[in-house]
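Engineer: Sharing a structure here in structure tokens format.
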2 protein chains.
Amino acid sequence: MMILEHTAKAFDEDLHEIAMRVSEMGGLVERQLVDAVNALIHRDGALAAATVAKDADVDQLQREIEERSVLTIARRQPMAIDLRQIISAMRVATDLERIGDLAKNNAKRVNAIGEDDFHSLKLMRGLEHMSDLVQDQIKSVLDAYASKDVAGAMVVWKGDEEVDAICTSLFRELLTYMMEDPRNITFCIHLMFCAKNIERMGDHATNIAETVVYQVEGQTITEKRPKGDMTNFAGTT
Amino acid sequence: MMILEHTAKAFDEDLHEIAMRVSEMGGLVERQLVDAVNALIHRDGALAAATVAKDADVDQLQREIEERSVLTIARRQPMAIDLRQIISAMRVATDLERIGDLAKNNAKRVNAIGEDDFHSLKLMRGLEHMSDLVQDQIKSVLDAYASKDVAGAMVVWKGDEEVDAICTSLFRELLTYMMEDPRNITFCIHLMFCAKNIERMGDHATNIAETVVYQVEGQTITEKRPKGDMTNFAGTT
């Protein structure tokens, strides 16, 4: 009995350690997303470089979470719900790492887009709006994850439709600029890739929402997720 | 002693089961990549739809690999090299799942690009060439993974530079077409996203190469991977 209690306590401590790292990773990734968009809006090369550099910390945290999770499983042999908690932590870390990668890609475009545009303020506002929305999604889904809140996760899961809709309307606007003047093309393509990256971050937030449901209920969502219609242009996954 | 032997044998069987699924997943994903590009080249909507549909099988296999891996760790408590083998299988499955997603995204664009272009053959050949190269990379790295061949994995790891170079030159060509005639813009943007998707598949092949090194040598590659210069336009991660 003493041994069982000891194992349970050790397992809880391991789990707590892992959860702390997931939370730390979430904070870093949210920061990356915001910094990348600010760097784009203000053409801030130094902020962009710092955002790119920070991605190594995010990657490192993911590896740590993965390795600690696996070691915990090997040492404590958890079953059922406990096992799901660890699998969930690894899944969330994988999605956060991908969000970090996408933010890094956005930051990398700061130098490429340069200063050579004149109509960009409105477009940048569109990008910022998308980014704010996705940041909210990430924040909410990580809260839902931390508090095992299935209802909260489902709100995020359903909210992704709005992100898709904004992305599609931004794509249309960008397309108009490109048609109007070929000198806008390069700049607009970069912005399209940035918007698409942010839209993908939103997809990862919905993946995390699915993980919350899996963690709590032990099953995967089978309902088809509502997606904004993007097949005609932005062609989302 | 009998018990230890039994455990070792059961572990090997588990590992074999997992490896079989990784191999099956690799085959499906290679097929997805090829089919998506063929569907694009021949504007084959039925092939595109089948490619999109098959992605569910790939996702399902990833979940199975993940769950079996975790159960194996919990039951057999493997240590050191054995544990690395399981972590590696999960990592490879994650990368394969992403490649499948990217192929699905390419297939989804078939309906969107329609028939409304006249200069597309040369551009499509460029895409096909990239796709062939990346397919080779995926094939080679999965062989290296199956045979624990570090040297083979490093060839793939270094070969990604060529994929990036082709992607960059294709982007330049697409940009020229867009500048020449705004009616080409929509079509060319779809092709840019397709090319970028294939380039990202190549990145996942290099991730798998890194996993092969980790599996065999227990450490991560610290050398900086040579990347084709894409920051000026395609802005690769």
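Starting from 1 in every chain, residues are counted up; chains themselves are A, B, ... following the order of the structure tokens, and ligands are numbered from 1 as listed.
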Show which residues sit within 9 Å of Met178 (chain A), as JSON, numbers by chain. Count only C-alpha atoms, and ignore same-chain residues fewer than 3 positions away.

Structural biologist: {"A": [173, 174, 175, 181, 182, 183, 184, 185, 186, 187, 188, 189], "B": [178, 182, 185]}

Engineer: Sort by chain and increasing residue number a table of all residues of chain B within 8 Å of chain A, each with its closest pair of atoms and their distance in Å to one decimal, counting only C-alpha atoms, and write it as a Markdown table.

Structural biologist:
```
| residue | atom | partner | partner_atom | distance |
| --- | --- | --- | --- | --- |
| B:Val70 | CA | A:Ile73 | CA | 7.4 |
| B:Ile73 | CA | A:Ala74 | CA | 5.4 |
| B:Ala74 | CA | A:Gln77 | CA | 4.5 |
| B:Arg75 | CA | A:Gln77 | CA | 6.8 |
| B:Arg76 | CA | A:Ala74 | CA | 7.7 |
| B:Gln77 | CA | A:Ala74 | CA | 4.5 |
| B:Pro78 | CA | A:Ala74 | CA | 6.7 |
| B:Met79 | CA | A:Ala74 | CA | 7.8 |
| B:Leu83 | CA | A:Val70 | CA | 7.9 |
| B:Ile87 | CA | A:Val70 | CA | 7.7 |
| B:Asp101 | CA | A:Thr237 | CA | 6.9 |
| B:Leu102 | CA | A:Thr237 | CA | 7.7 |
| B:Lys104 | CA | A:Thr237 | CA | 6.9 |
| B:Asn105 | CA | A:Thr237 | CA | 5.0 |
| B:Lys108 | CA | A:Gly235 | CA | 6.4 |
| B:Arg109 | CA | A:Gly235 | CA | 6.0 |
| B:Asn111 | CA | A:Asn232 | CA | 7.9 |
| B:Ala112 | CA | A:Asn232 | CA | 5.2 |
| B:Leu175 | CA | A:Thr186 | CA | 7.8 |
| B:Met178 | CA | A:Pro182 | CA | 7.6 |
| B:Met179 | CA | A:Pro182 | CA | 5.4 |
| B:Pro182 | CA | A:Met179 | CA | 5.4 |
| B:Arg183 | CA | A:Met179 | CA | 8.0 |
| B:Ile185 | CA | A:Met179 | CA | 7.6 |
| B:Thr186 | CA | A:Leu175 | CA | 7.8 |
| B:Ile189 | CA | A:Ile189 | CA | 7.8 |
| B:His190 | CA | A:Phe233 | CA | 7.8 |
| B:Thr231 | CA | A:Ala112 | CA | 6.7 |
| B:Asn232 | CA | A:Ala112 | CA | 5.2 |
| B:Phe233 | CA | A:Ala112 | CA | 6.6 |
| B:Gly235 | CA | A:Arg109 | CA | 6.0 |
| B:Thr236 | CA | A:Asn105 | CA | 6.6 |
| B:Thr237 | CA | A:Asn105 | CA | 5.0 |
```

Engineer: Write out as a PyMOL selection string the residues lying within 9 Å of Asp57 (chain A), counting only C-alpha atoms and excluding same-chain residues fewer than 5 positions away.

Structural biologist: chain A and resi 25+28+62

Engineer: How about saving the chosen residues, N, CA and C atoms kept, as a PDB file, in the first residue's frame?

Structural biologist:
```pdb
ATOM      1  N   MET A  25       5.539  26.364 -22.534  1.00  0.00           N
ATOM      2  CA  MET A  25       5.594  26.328 -23.999  1.00  0.00           C
ATOM      3  C   MET A  25       4.467  27.164 -24.597  1.00  0.00           C
ATOM      4  N   LEU A  28       5.313  30.839 -24.406  1.00  0.00           N
ATOM      5  CA  LEU A  28       6.320  31.209 -25.405  1.00  0.00           C
ATOM      6  C   LEU A  28       5.716  31.327 -26.794  1.00  0.00           C
ATOM      7  N   GLN A  62       9.566  21.048 -26.376  1.00  0.00           N
ATOM      8  CA  GLN A  62       8.811  19.911 -26.911  1.00  0.00           C
ATOM      9  C   GLN A  62       9.565  18.605 -26.685  1.00  0.00           C
TER      10      GLN A  62
END
```

Engineer: Compile the contact shell of Gln135 (chain A) as a CSV table (one decimal) with all heavy atoms, in the first residue's frame: residues with an atom at most 10 Å away, counting only C-alpha atoms, same-chain residues fewer than 6 positions apart removed.

Structural biologist:
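Wrote selection.csv, looks like this:
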```
chain,number,residue,atom,x,y,z
A,29,VAL,N,4.9,30.4,-27.1
A,29,VAL,CA,4.3,30.3,-28.5
A,29,VAL,C,3.3,31.5,-28.7
A,29,VAL,O,3.3,32.1,-29.8
A,29,VAL,CB,3.6,28.9,-28.7
A,29,VAL,CG1,2.7,29.0,-29.8
A,29,VAL,CG2,4.7,27.9,-28.9
A,30,GLU,N,2.5,31.8,-27.7
A,30,GLU,CA,1.6,33.0,-27.8
A,30,GLU,C,2.5,34.2,-28.1
A,30,GLU,O,2.1,35.0,-28.9
A,30,GLU,CB,0.9,33.1,-26.5
A,30,GLU,CG,-0.5,32.5,-26.5
A,30,GLU,CD,-1.2,32.9,-25.2
A,30,GLU,OE1,-1.6,34.1,-25.0
A,30,GLU,OE2,-1.5,32.0,-24.4
A,31,ARG,N,3.5,34.4,-27.3
A,31,ARG,CA,4.5,35.5,-27.5
A,31,ARG,C,5.0,35.5,-28.9
A,31,ARG,O,5.1,36.6,-29.6
A,31,ARG,CB,5.6,35.3,-26.5
A,31,ARG,CG,6.5,36.5,-26.2
A,31,ARG,CD,5.9,37.6,-25.4
A,31,ARG,NE,5.7,38.7,-26.3
A,31,ARG,CZ,4.7,39.6,-26.1
A,31,ARG,NH1,3.9,39.6,-25.0
A,31,ARG,NH2,4.5,40.6,-26.9
A,33,LEU,N,3.7,34.3,-31.7
A,33,LEU,CA,2.7,34.7,-32.6
A,33,LEU,C,2.5,36.2,-32.6
A,33,LEU,O,2.5,36.9,-33.7
A,33,LEU,CB,1.4,34.0,-32.2
A,33,LEU,CG,0.0,34.6,-32.7
A,33,LEU,CD1,0.0,34.5,-34.3
A,33,LEU,CD2,-1.1,33.8,-32.2
A,34,VAL,N,2.4,36.8,-31.4
A,34,VAL,CA,2.1,38.3,-31.3
A,34,VAL,C,3.4,39.0,-31.8
A,34,VAL,O,3.2,40.0,-32.6
A,34,VAL,CB,1.9,38.6,-29.8
A,34,VAL,CG1,1.8,40.1,-29.7
A,34,VAL,CG2,0.6,38.0,-29.4
A,129,HIS,N,-6.0,41.5,-37.1
A,129,HIS,CA,-7.2,41.0,-36.6
A,129,HIS,C,-7.3,39.5,-36.5
A,129,HIS,O,-7.7,38.9,-35.5
A,129,HIS,CB,-8.4,41.5,-37.5
A,129,HIS,CG,-9.7,41.2,-37.1
A,129,HIS,ND1,-10.2,41.2,-35.8
A,129,HIS,CD2,-10.8,40.7,-37.8
A,129,HIS,CE1,-11.4,40.8,-35.7
A,129,HIS,NE2,-11.8,40.5,-37.0
A,141,VAL,N,-7.9,27.7,-25.5
A,141,VAL,CA,-7.8,26.2,-25.5
A,141,VAL,C,-6.8,25.7,-24.5
A,141,VAL,O,-6.9,24.6,-24.0
A,141,VAL,CB,-7.5,25.7,-27.0
A,141,VAL,CG1,-6.0,25.8,-27.3
A,141,VAL,CG2,-8.1,24.3,-27.2
A,198,ILE,N,-1.2,31.9,-40.2
A,198,ILE,CA,-2.0,32.1,-39.0
A,198,ILE,C,-3.3,31.3,-39.0
A,198,ILE,O,-3.7,30.7,-37.9
A,198,ILE,CB,-2.4,33.6,-38.9
A,198,ILE,CG1,-1.1,34.5,-38.7
A,198,ILE,CG2,-3.4,33.9,-37.8
A,198,ILE,CD1,-1.3,36.0,-38.8
A,201,MET,N,-2.3,28.0,-37.7
A,201,MET,CA,-2.2,28.1,-36.2
A,201,MET,C,-3.6,27.8,-35.6
A,201,MET,O,-3.7,27.1,-34.6
A,201,MET,CB,-1.7,29.4,-35.7
A,201,MET,CG,-0.3,29.7,-36.2
A,201,MET,SD,0.3,31.3,-35.5
A,201,MET,CE,1.5,31.8,-36.7
A,202,GLY,N,-4.6,28.4,-36.2
A,202,GLY,CA,-6.0,28.2,-35.7
A,202,GLY,C,-6.4,26.7,-35.8
A,202,GLY,O,-7.0,26.2,-34.9
A,205,ALA,N,-5.0,25.0,-32.9
A,205,ALA,CA,-5.8,25.3,-31.7
A,205,ALA,C,-6.9,24.3,-31.6
A,205,ALA,O,-7.3,23.8,-30.6
A,205,ALA,CB,-6.2,26.7,-31.7
```

Engineer: Tell me, as a VMD selection string, which residues lie within 9 Å of Leu133 (chain A), counting only C-alpha atoms; anything in the same chain fewer than 5 positions away does not count.

Structural biologist: chain A and resid 128 138 162 to 163 202
